[in-house]
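Participant: Dumping the structure here so I can ask a few things about it.
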Amino acid sequence: MIGPLIALLLTFAVLSFVWRDNPLYRVAEGLFLGVALGLFAAFEVRQVLLPRIWDRLAAGPATGPAWVTTLLVVLGLALMLARRVPPLAWLGRLPVAVAVGSLAGMAAAGFARTVLVPQVGASAASLVITDSLSHERSVCLLESQPANALTNIVCSFGPYLNQLLILFAVVAGLVYFVFSRRENKGLRAVSRFGGWIVMMTLGVTLGSMAMAHFAVTIGRAQTMMETPGLAVLALAIVVLTLLYLRRDPPRAV
Amino acid sequence: MTRWLAIAALVVAVAVGLCSTRPAPRAGIAPQVTQAHAAIAELTTGDLLVLAVDFDPASVPELGPFVRLTLDIALMRGARVITVSLTPHGAMLAERFLREALASRKATYGRDAINLGFLEGRSAAVHLTGIPLQRMASRDHAGNALGDLPLAAEVSRLADAASFVVAASGAPGAFEWLLQGQGRFARKLVIATTSIDGPQLAAFHASGQISGLVAGARDVAAFADIAANDPRLRGDSDAVGHLRELAAQMRAQRWAHLALVLCLVAGQGLTLWRGRKKGAT
Amino acid sequence: MTKAGAPIVCAMVAATYWALEPVIDVARDGWLKTFAADLVVAIIAVVTLVAIAGVVAREGGKVLRRESGHLSSAIVLVAFAVTFAIGVAQGPAGDWFVWIFDYVYAPLESSLLALVAFALVDTALRRMRARSGETALIIATAAIVMLGRAPATSAAATLLTPVADWLTRVPNVAGQRVLLIGAAIAACSTLLRLLLGVERDYLGERRS
């Protein structure tokens, strides 16, 4: 009872921002920041530092390489904390450099393996007839029952035309981004087509983004409808508080 | 005034959508959703499913039913489940979903499933799934020593799982698992995501790098629809219940989208009208 | 090795290891990989804690100096202290910690994101204008995707759903590939800059 009521009060306090910025919203915002920071910090201590360092150190050298690893990790952390001591500050840059180097290396290897090779490869795959295209054709024919001459043509050539379009659109999109000087007429046309493709992609992303945010709003509304009595009570409390605060707005919040 | 009109349009649309009982127009099921369902429903007794729960509480309306259904199907098929998360809130949600699924399937924590919890390190955490489980983590989400959990002793490393399912929104999430894990670890990688990440992940599905893709509430509803009609699941899963919950959400979505498009059209009209008025004066 | 050179060499070694890891780490369960991954995990954990401490200290400063809005800062501090203390004492599966997550964190986070939907409809009515062909294309595509993916009527389902699906499967896939290839080139160029010692922003140095 208390938990759901508090949850609803906080929901309406945040949604009151739709009316305008107000002290109740700022209290809810501060509460969120504090709880989020506390949640993340507690996880770092209990789920990361404690099991990864303390448990292994406590287990002693019997754990073999893991113990040596942990000692080195502890040394890295000590270096990190050395940043607070000016003469040793340069030592503190070492762990940061390791993290930056590691993440950059991982990202480049990941992108090369997962994006560059397969995505370029998949775009070029339209030049050969692949199994997935044949599968797409049979699915199209199955969905278009009863089939006629038009659906036969659409299903037979559609998947291949789509693949060719993707290949051309990828090239055009790259031209749109890479060539800033487009003196050649042909290049200008290709670039313009690439621009349309990028705009359509942004449109799909915008539409999808709206759908995701509506889903969140609908989720909150569904929660309110689970306990309508509590929701009305919470709304009344929030509205009355806002009316009271409107008369005498606190400056400290 | 126009601002209040826009807000009222959204509130009315959501309220009407949630209160209405009119059935949704029947939409086709995308092949990537069928593939996602197949990868999970094909699990057999003893198979290991690794489920990464990497979404926030705000995404629960969209992805919650998918995770509940996936856990339900996996446990029903006799598969063993290990959940992991790249975010603290994901770990909290995974714990709740797992406990619910274990209770409804009368399965035992530690023997049939484990929640490893939060894995710090973003991309580096994904790499840790390639090393032996005992070296990767020493405790689960609740702080139990892994040595005390029988399932942990049976699994050599997470990368050997029969299926890898990622339910994620935002970062860190699906992109980290894809970039560092795809093609190296998982035999089958299924991704479920909110509508917002769907367009980007569509490119990975088109290139065959993802075994199945479920993007947004519409796809989750389609996933539940397939599960409800799958003879292998003998109508035993809770798919019908999830389907009802998602149908209400989709009705509200339809109305909300309509409200937004109407606002867009009205906005263009308003500009034209103001422009003419200005021209006339 | 000089004080300035040591971090650069560390970054180079770490970047080289991780860039070549798919090739060189033949024995995947080797201790080298465990060490390298553990090191990154521990550093990120400490960096996160240091960042959190920084925010808490800033809010604490506001309270001490009684700046405007110091009550909000005090709320941040109290909420942080309570959540952190309970989290460390009970662990993430503790009853109180779960209660805070379910009834405070989750509704606040969801409601803050729900605000975006209100901002979206407001922007659609008052600010989103098709002033050029390109913006018209963005708006039209977004409208078709929204109406097609959650169709209101059977007619919309027949007409718009296939178009919305085609837009997602064909032009969107092509556009996403262009953006992904761009991101991949950027990631590779960052790695190259690190390996050549040109990239030094992470040291707090900025070249003119």
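Order determines the names: the first chain of the structure tokens is A, the second B, and so forth; residues in each chain are numbered 1 upward, and ligands are numbered 1 upward as they are shown.
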Counting only C-alpha atoms, which residues of chain B sit at most 9 Å from some atom of chain A, and what is each one's closest atom pair with its distance in Å to one decimal, listed by chain and rising residue number, as JSON lines?
Facilitator:
```
{"residue": "B:Trp4", "atom": "CA", "partner": "A:Trp19", "partner_atom": "CA", "distance": 8.8}
{"residue": "B:Ile7", "atom": "CA", "partner": "A:Val18", "partner_atom": "CA", "distance": 8.2}
{"residue": "B:Val14", "atom": "CA", "partner": "A:Ile218", "partner_atom": "CA", "distance": 6.5}
{"residue": "B:Ala15", "atom": "CA", "partner": "A:Ala221", "partner_atom": "CA", "distance": 7.9}
{"residue": "B:Leu18", "atom": "CA", "partner": "A:Gln222", "partner_atom": "CA", "distance": 7.7}
{"residue": "B:Gly28", "atom": "CA", "partner": "A:Glu143", "partner_atom": "CA", "distance": 8.9}
{"residue": "B:Pro31", "atom": "CA", "partner": "A:Val139", "partner_atom": "CA", "distance": 8.7}
{"residue": "B:Ala58", "atom": "CA", "partner": "A:Val216", "partner_atom": "CA", "distance": 5.7}
{"residue": "B:Ser59", "atom": "CA", "partner": "A:Val216", "partner_atom": "CA", "distance": 6.5}
{"residue": "B:Val60", "atom": "CA", "partner": "A:Gly219", "partner_atom": "CA", "distance": 7.9}
{"residue": "B:Pro61", "atom": "CA", "partner": "A:Gly219", "partner_atom": "CA", "distance": 5.3}
{"residue": "B:Glu62", "atom": "CA", "partner": "A:Ala215", "partner_atom": "CA", "distance": 6.7}
{"residue": "B:Thr87", "atom": "CA", "partner": "A:Phe40", "partner_atom": "CA", "distance": 8.8}
{"residue": "B:Pro88", "atom": "CA", "partner": "A:Phe43", "partner_atom": "CA", "distance": 6.5}
{"residue": "B:His89", "atom": "CA", "partner": "A:Leu39", "partner_atom": "CA", "distance": 8.4}
{"residue": "B:Gly117", "atom": "CA", "partner": "A:Gln47", "partner_atom": "CA", "distance": 7.9}
{"residue": "B:Phe118", "atom": "CA", "partner": "A:Gln47", "partner_atom": "CA", "distance": 6.7}
{"residue": "B:Leu119", "atom": "CA", "partner": "A:Val48", "partner_atom": "CA", "distance": 7.6}
{"residue": "B:Glu120", "atom": "CA", "partner": "A:Val48", "partner_atom": "CA", "distance": 6.7}
{"residue": "B:Ser123", "atom": "CA", "partner": "A:Met106", "partner_atom": "CA", "distance": 7.2}
{"residue": "B:Ala124", "atom": "CA", "partner": "A:Leu103", "partner_atom": "CA", "distance": 7.8}
{"residue": "B:Arg135", "atom": "CA", "partner": "A:Ala66", "partner_atom": "CA", "distance": 7.5}
{"residue": "B:Met136", "atom": "CA", "partner": "A:Arg52", "partner_atom": "CA", "distance": 8.9}
{"residue": "B:Ala137", "atom": "CA", "partner": "A:Pro51", "partner_atom": "CA", "distance": 7.4}
{"residue": "B:Ser138", "atom": "CA", "partner": "A:Pro51", "partner_atom": "CA", "distance": 6.0}
{"residue": "B:Arg139", "atom": "CA", "partner": "A:Pro51", "partner_atom": "CA", "distance": 6.6}
{"residue": "B:Asp140", "atom": "CA", "partner": "A:Gln47", "partner_atom": "CA", "distance": 8.5}
{"residue": "B:His141", "atom": "CA", "partner": "A:Gln47", "partner_atom": "CA", "distance": 7.4}
{"residue": "B:Gly143", "atom": "CA", "partner": "A:Gln47", "partner_atom": "CA", "distance": 8.0}
{"residue": "B:Glu176", "atom": "CA", "partner": "A:Gly110", "partner_atom": "CA", "distance": 8.9}
{"residue": "B:Leu178", "atom": "CA", "partner": "A:Thr114", "partner_atom": "CA", "distance": 7.3}
{"residue": "B:Leu179", "atom": "CA", "partner": "A:Gly110", "partner_atom": "CA", "distance": 4.7}
{"residue": "B:Gln180", "atom": "CA", "partner": "A:Gly110", "partner_atom": "CA", "distance": 5.4}
{"residue": "B:Gly181", "atom": "CA", "partner": "A:Gly110", "partner_atom": "CA", "distance": 8.6}
{"residue": "B:Gln182", "atom": "CA", "partner": "A:Thr114", "partner_atom": "CA", "distance": 7.1}
{"residue": "B:Gly183", "atom": "CA", "partner": "A:Thr114", "partner_atom": "CA", "distance": 7.9}
{"residue": "B:Thr194", "atom": "CA", "partner": "A:Ala212", "partner_atom": "CA", "distance": 6.2}
{"residue": "B:Ser195", "atom": "CA", "partner": "A:Ser208", "partner_atom": "CA", "distance": 5.1}
{"residue": "B:Ile196", "atom": "CA", "partner": "A:Met209", "partner_atom": "CA", "distance": 4.5}
{"residue": "B:Asp197", "atom": "CA", "partner": "A:Ser208", "partner_atom": "CA", "distance": 7.9}
{"residue": "B:Gly198", "atom": "CA", "partner": "A:Ser208", "partner_atom": "CA", "distance": 7.5}
{"residue": "B:Pro199", "atom": "CA", "partner": "A:Thr205", "partner_atom": "CA", "distance": 6.3}
{"residue": "B:Gln200", "atom": "CA", "partner": "A:Thr205", "partner_atom": "CA", "distance": 8.3}
{"residue": "B:Ala203", "atom": "CA", "partner": "A:Gln119", "partner_atom": "CA", "distance": 7.8}
{"residue": "B:Phe204", "atom": "CA", "partner": "A:Gln119", "partner_atom": "CA", "distance": 7.6}
{"residue": "B:Ala206", "atom": "CA", "partner": "A:Ala122", "partner_atom": "CA", "distance": 7.7}
{"residue": "B:Ser207", "atom": "CA", "partner": "A:Ala122", "partner_atom": "CA", "distance": 5.1}
{"residue": "B:Gly208", "atom": "CA", "partner": "A:Ala122", "partner_atom": "CA", "distance": 8.2}
{"residue": "B:Gln209", "atom": "CA", "partner": "A:Pro118", "partner_atom": "CA", "distance": 7.9}
{"residue": "B:Gly216", "atom": "CA", "partner": "A:Ala212", "partner_atom": "CA", "distance": 7.2}
{"residue": "B:Ala217", "atom": "CA", "partner": "A:Ala215", "partner_atom": "CA", "distance": 7.7}
{"residue": "B:Gln249", "atom": "CA", "partner": "A:Ile218", "partner_atom": "CA", "distance": 6.7}
{"residue": "B:Met250", "atom": "CA", "partner": "A:Ala215", "partner_atom": "CA", "distance": 8.7}
{"residue": "B:Ala252", "atom": "CA", "partner": "A:Ile218", "partner_atom": "CA", "distance": 6.9}
{"residue": "B:Gln253", "atom": "CA", "partner": "A:Phe214", "partner_atom": "CA", "distance": 6.7}
{"residue": "B:Ala256", "atom": "CA", "partner": "A:Phe214", "partner_atom": "CA", "distance": 7.0}
{"residue": "B:His257", "atom": "CA", "partner": "A:Met211", "partner_atom": "CA", "distance": 7.5}
{"residue": "B:Leu260", "atom": "CA", "partner": "A:Ala210", "partner_atom": "CA", "distance": 8.7}
```
Participant: Find the residues in chain C near chain A: any atom within 6 Å counts, using only C-alpha atoms. Write them as an MDAnalysis selection string.
Facilitator: chainID C and resid 7 10:11 14:15 18:19 35 39:40 45 68:72 75:76 79:80 83:84 87:88 103:104 107 111 114 117 138 141:142 145:146 171:172 174:175 178 184 187:188 191
Participant: Counting only C-alpha atoms, which residues of chain C come no farther than 8 Å from chain B, as a tab-separated table (two decimals) with N, CA, C and O atoms, in the first residue's frame?
Facilitator:
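Produced file part_17.tsv, reproduced below:
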```tsv
chain	number	residue	atom	x	y	z
C	28	ARG	N	41.80	-19.17	-25.20
C	28	ARG	CA	40.86	-18.16	-24.72
C	28	ARG	C	40.77	-18.07	-23.20
C	28	ARG	O	40.34	-17.08	-22.66
C	29	ASP	N	41.11	-19.17	-22.52
C	29	ASP	CA	41.01	-19.11	-21.07
C	29	ASP	C	42.36	-18.80	-20.44
C	29	ASP	O	42.59	-19.05	-19.28
C	30	GLY	N	43.27	-18.27	-21.24
C	30	GLY	CA	44.60	-17.93	-20.72
C	30	GLY	C	44.51	-16.84	-19.66
C	30	GLY	O	43.58	-16.04	-19.65
C	33	LYS	N	44.24	-13.01	-20.74
C	33	LYS	CA	42.94	-12.41	-21.04
C	33	LYS	C	42.21	-12.05	-19.75
C	33	LYS	O	41.61	-10.98	-19.64
C	34	THR	N	42.28	-12.97	-18.77
C	34	THR	CA	41.63	-12.69	-17.48
C	34	THR	C	42.21	-11.43	-16.88
C	34	THR	O	41.48	-10.56	-16.40
C	37	ALA	N	41.18	-8.22	-18.99
C	37	ALA	CA	39.77	-7.85	-18.82
C	37	ALA	C	39.51	-7.37	-17.39
C	37	ALA	O	38.82	-6.37	-17.17
C	40	VAL	N	40.64	-3.77	-16.86
C	40	VAL	CA	39.71	-2.77	-17.41
C	40	VAL	C	38.47	-2.65	-16.52
C	40	VAL	O	38.02	-1.54	-16.20
C	41	VAL	N	37.96	-3.79	-16.08
C	41	VAL	CA	36.75	-3.79	-15.23
C	41	VAL	C	37.03	-3.02	-13.94
C	41	VAL	O	36.24	-2.15	-13.54
C	42	ALA	N	38.15	-3.32	-13.29
C	42	ALA	CA	38.47	-2.66	-12.01
C	42	ALA	C	38.68	-1.16	-12.21
C	42	ALA	O	38.21	-0.34	-11.41
C	44	ILE	N	37.40	0.76	-14.60
C	44	ILE	CA	36.10	1.41	-14.87
C	44	ILE	C	35.30	1.54	-13.57
C	44	ILE	O	34.67	2.57	-13.32
C	45	ALA	N	35.36	0.52	-12.72
C	45	ALA	CA	34.63	0.58	-11.44
C	45	ALA	C	35.14	1.75	-10.59
C	45	ALA	O	34.35	2.52	-10.03
C	91	GLY	N	23.37	-5.65	0.30
C	91	GLY	CA	23.61	-6.23	-1.02
C	91	GLY	C	22.42	-5.96	-1.91
C	91	GLY	O	21.34	-5.58	-1.42
C	92	PRO	N	22.58	-6.17	-3.24
C	92	PRO	CA	21.50	-5.80	-4.16
C	92	PRO	C	20.23	-6.63	-4.02
C	92	PRO	O	19.19	-6.25	-4.55
C	93	ALA	N	20.31	-7.77	-3.33
C	93	ALA	CA	19.10	-8.58	-3.19
C	93	ALA	C	18.39	-8.32	-1.86
C	93	ALA	O	17.37	-8.96	-1.58
C	94	GLY	N	18.91	-7.37	-1.08
C	94	GLY	CA	18.30	-7.06	0.21
C	94	GLY	C	16.90	-6.47	0.04
C	94	GLY	O	16.63	-5.78	-0.94
C	98	VAL	N	15.71	-3.55	-2.63
C	98	VAL	CA	14.74	-3.88	-3.68
C	98	VAL	C	13.54	-2.93	-3.58
C	98	VAL	O	13.01	-2.48	-4.60
C	101	PHE	N	14.42	0.31	-5.09
C	101	PHE	CA	14.46	0.18	-6.56
C	101	PHE	C	13.05	0.15	-7.13
C	101	PHE	O	12.75	0.84	-8.10
C	106	ALA	N	12.53	3.03	-9.94
C	106	ALA	CA	11.82	2.64	-11.17
C	106	ALA	C	10.74	3.66	-11.57
C	106	ALA	O	10.73	4.10	-12.73
C	107	PRO	N	9.84	4.07	-10.67
C	107	PRO	CA	8.83	5.06	-11.12
C	107	PRO	C	9.43	6.39	-11.52
C	107	PRO	O	8.95	7.02	-12.47
C	109	GLU	N	12.48	6.98	-12.80
C	109	GLU	CA	13.18	6.86	-14.08
C	109	GLU	C	12.17	6.77	-15.23
C	109	GLU	O	12.31	7.43	-16.26
C	110	SER	N	11.14	5.95	-15.03
C	110	SER	CA	10.12	5.78	-16.09
C	110	SER	C	9.39	7.09	-16.34
C	110	SER	O	9.14	7.45	-17.50
C	111	SER	N	9.04	7.80	-15.26
C	111	SER	CA	8.27	9.04	-15.43
C	111	SER	C	9.12	10.11	-16.12
C	111	SER	O	8.60	10.87	-16.95
C	113	LEU	N	11.41	9.61	-18.31
C	113	LEU	CA	11.44	9.30	-19.74
C	113	LEU	C	10.08	9.52	-20.39
C	113	LEU	O	10.00	9.85	-21.57
C	118	PHE	N	5.55	13.76	-24.03
C	118	PHE	CA	4.81	15.04	-24.01
C	118	PHE	C	5.58	16.10	-24.81
C	118	PHE	O	4.99	16.87	-25.56
C	120	LEU	N	7.51	15.52	-27.24
C	120	LEU	CA	7.42	15.15	-28.67
C	120	LEU	C	6.15	15.68	-29.32
C	120	LEU	O	6.22	16.28	-30.40
C	121	VAL	N	5.00	15.47	-28.68
C	121	VAL	CA	3.75	15.95	-29.28
C	121	VAL	C	3.75	17.48	-29.33
C	121	VAL	O	3.26	18.07	-30.30
C	122	ASP	N	4.30	18.08	-28.28
C	122	ASP	CA	4.38	19.55	-28.26
C	122	ASP	C	5.25	20.06	-29.42
C	122	ASP	O	4.87	20.98	-30.14
C	124	ALA	N	5.93	18.45	-32.15
C	124	ALA	CA	5.27	18.13	-33.43
C	124	ALA	C	4.28	19.23	-33.81
C	124	ALA	O	4.18	19.61	-34.97
C	125	LEU	N	3.56	19.75	-32.82
C	125	LEU	CA	2.55	20.76	-33.12
C	125	LEU	C	3.15	22.15	-33.32
C	125	LEU	O	2.71	22.91	-34.17
C	126	ARG	N	4.18	22.47	-32.53
C	126	ARG	CA	4.65	23.86	-32.54
C	126	ARG	C	5.95	24.12	-33.30
C	126	ARG	O	6.21	25.24	-33.72
C	127	ARG	N	6.81	23.08	-33.40
C	127	ARG	CA	8.14	23.38	-33.97
C	127	ARG	C	8.55	22.56	-35.18
C	127	ARG	O	9.36	23.00	-35.97
C	128	MET	N	8.03	21.31	-35.31
C	128	MET	CA	8.50	20.46	-36.41
C	128	MET	C	7.88	20.93	-37.72
C	128	MET	O	6.69	20.69	-37.97
C	129	ARG	N	8.66	21.61	-38.54
C	129	ARG	CA	8.12	22.16	-39.78
C	129	ARG	C	8.85	21.61	-41.00
C	129	ARG	O	10.08	21.52	-41.00
C	130	ALA	N	8.07	21.29	-42.03
C	130	ALA	CA	8.68	20.79	-43.27
C	130	ALA	C	9.11	21.98	-44.12
C	130	ALA	O	8.44	22.36	-45.07
C	143	ALA	N	6.07	9.51	-39.97
C	143	ALA	CA	4.61	9.33	-39.88
C	143	ALA	C	4.20	7.97	-40.43
C	143	ALA	O	3.40	7.25	-39.82
C	146	MET	N	5.22	5.19	-38.00
C	146	MET	CA	4.38	5.13	-36.80
C	146	MET	C	3.00	4.56	-37.13
C	146	MET	O	2.51	3.67	-36.44
C	147	LEU	N	2.39	5.07	-38.20
C	147	LEU	CA	1.04	4.61	-38.55
C	147	LEU	C	1.06	3.18	-39.08
C	147	LEU	O	0.10	2.43	-38.92
C	149	ARG	N	3.40	0.74	-38.29
C	149	ARG	CA	3.80	-0.28	-37.32
C	149	ARG	C	2.73	-0.49	-36.24
C	149	ARG	O	2.74	-1.52	-35.57
C	150	ALA	N	1.86	0.49	-36.04
C	150	ALA	CA	0.74	0.28	-35.12
C	150	ALA	C	-0.51	0.83	-35.82
C	150	ALA	O	-1.00	1.90	-35.49
C	151	PRO	N	-1.00	0.11	-36.83
C	151	PRO	CA	-2.08	0.65	-37.66
C	151	PRO	C	-3.40	0.76	-36.89
C	151	PRO	O	-3.75	-0.13	-36.11
C	152	ALA	N	-4.12	1.86	-37.14
C	152	ALA	CA	-5.38	2.09	-36.42
C	152	ALA	C	-6.53	1.34	-37.07
C	152	ALA	O	-7.47	0.93	-36.40
C	153	THR	N	-6.47	1.20	-38.39
C	153	THR	CA	-7.57	0.53	-39.09
C	153	THR	C	-7.02	-0.57	-40.00
C	153	THR	O	-5.81	-0.61	-40.26
C	154	SER	N	-7.92	-1.40	-40.49
C	154	SER	CA	-7.48	-2.49	-41.39
C	154	SER	C	-6.93	-1.91	-42.69
C	154	SER	O	-5.98	-2.45	-43.27
C	157	ALA	N	-3.51	-0.90	-42.10
C	157	ALA	CA	-2.66	-2.10	-42.01
C	157	ALA	C	-2.33	-2.62	-43.40
C	157	ALA	O	-1.20	-3.04	-43.66
C	161	THR	N	1.35	-0.65	-43.50
C	161	THR	CA	2.27	-1.59	-42.85
C	161	THR	C	3.34	-2.11	-43.81
C	161	THR	O	4.53	-2.10	-43.47
C	168	THR	N	11.84	0.19	-43.34
C	168	THR	CA	12.77	-0.29	-42.31
C	168	THR	C	13.75	-1.29	-42.90
C	168	THR	O	14.93	-1.31	-42.52
C	169	ARG	N	13.28	-2.13	-43.84
C	169	ARG	CA	14.13	-3.21	-44.36
C	169	ARG	C	15.09	-2.75	-45.45
C	169	ARG	O	16.13	-3.35	-45.63
C	172	ASN	N	16.28	2.09	-44.65
C	172	ASN	CA	16.85	2.19	-43.32
C	172	ASN	C	18.10	1.32	-43.17
C	172	ASN	O	19.11	1.77	-42.62
C	173	VAL	N	18.03	0.10	-43.69
C	173	VAL	CA	19.20	-0.79	-43.58
C	173	VAL	C	20.40	-0.16	-44.30
C	173	VAL	O	21.52	-0.15	-43.79
C	174	ALA	N	20.13	0.40	-45.50
C	174	ALA	CA	21.22	1.03	-46.25
C	174	ALA	C	21.78	2.22	-45.46
C	174	ALA	O	23.01	2.36	-45.32
C	176	GLN	N	21.60	2.84	-42.23
C	176	GLN	CA	22.29	2.39	-41.01
C	176	GLN	C	23.67	1.85	-41.37
C	176	GLN	O	24.63	2.05	-40.62
C	177	ARG	N	23.78	1.15	-42.50
C	177	ARG	CA	25.10	0.64	-42.92
C	177	ARG	C	26.07	1.79	-43.16
C	177	ARG	O	27.24	1.70	-42.78
```
Participant: Would you kindly return, as a tab-separated table (two decimals) with N, CA and C atoms, in the first residue's frame, each protein, DNA or RNA residue with an atom no farther than 8 Å from any atom of Asp72 (chain B), considering only C-alpha atoms and excluding same-chain residues fewer than 2 positions away?
Facilitator:
```
chain	number	residue	atom	x	y	z
B	68	ARG	N	9.94	-12.41	-19.65
B	68	ARG	CA	9.13	-13.36	-18.88
B	68	ARG	C	8.83	-14.61	-19.72
B	69	LEU	N	8.45	-14.37	-20.97
B	69	LEU	CA	8.08	-15.47	-21.86
B	69	LEU	C	9.30	-16.33	-22.20
B	70	THR	N	10.44	-15.68	-22.45
B	70	THR	CA	11.66	-16.42	-22.77
B	70	THR	C	12.05	-17.33	-21.61
B	74	ALA	N	12.05	-21.39	-21.76
B	74	ALA	CA	13.32	-22.10	-21.52
B	74	ALA	C	13.18	-23.09	-20.38
B	75	LEU	N	12.58	-22.65	-19.27
B	75	LEU	CA	12.43	-23.54	-18.12
B	75	LEU	C	11.45	-24.68	-18.43
B	76	MET	N	10.41	-24.36	-19.21
B	76	MET	CA	9.44	-25.39	-19.59
B	76	MET	C	10.11	-26.46	-20.45
B	101	ALA	N	9.74	-16.51	-12.65
B	101	ALA	CA	9.69	-17.66	-13.57
B	101	ALA	C	9.97	-18.96	-12.81
B	105	ARG	N	7.31	-22.10	-12.51
B	105	ARG	CA	7.68	-23.40	-13.11
B	105	ARG	C	8.15	-24.40	-12.06
B	237	SER	N	2.54	-22.28	-21.89
B	237	SER	CA	3.23	-21.07	-21.48
B	237	SER	C	2.20	-19.98	-21.17
B	238	ASP	N	2.68	-18.89	-20.56
B	238	ASP	CA	1.76	-17.82	-20.18
B	238	ASP	C	1.60	-16.81	-21.32
```
Participant: Rank nothing, just name the residue among B:Leu189, B:Ala171, B:Ala52, B:Ala215 nearest to Val84 (chain B), using only C-alpha atoms.
Facilitator: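 Closest residue, counting only C-alpha atoms: B:Ala52.
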Participant: Calculate how many Å separate CA of Arg200 (chain C) from CA of Thr48 (chain C), rounding to one decimal.
Facilitator: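 Taking CA of Arg200 (chain C) and CA of Thr48 (chain C), their separation equals 21.1 Å.
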Participant: So how far away is CA of Ala94 (chain B) from CA of Leu116 (chain B), in Å?
Facilitator: 9.4 Å
Participant: Which of region 28-82 of chain B end up as alpha helix (DSSP H) when DSSP is run on this backbone - answer as a ChimeraX atom specification?
Facilitator: /B:31-41,60-76
Participant: From the options B:Ala39, B:Leu146, B:Leu86, B:Cys19, which residue's atoms come nearest to Ile191 (chain B), counting only C-alpha atoms?
Facilitator: B:Ala39
Participant: I need the strand (DSSP E) residues of region 49-276 of chain B per DSSP on the backbone, written as a PyMOL selection string.
Facilitator: chain B and resi 49-54+80-85+113-118+163-168+189-193+212-215
Participant: Considering only C-alpha atoms, return as a list in words whatever protein or nucleic-acid residues lie within 12 Å of Asp248 (chain A), sequence-local ones (same chain, fewer than 5 positions apart) excluded.
Facilitator: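 Within the cut-off, the hits are Asn22, Pro23, Thr241, Leu242 and Leu243 of chain A.
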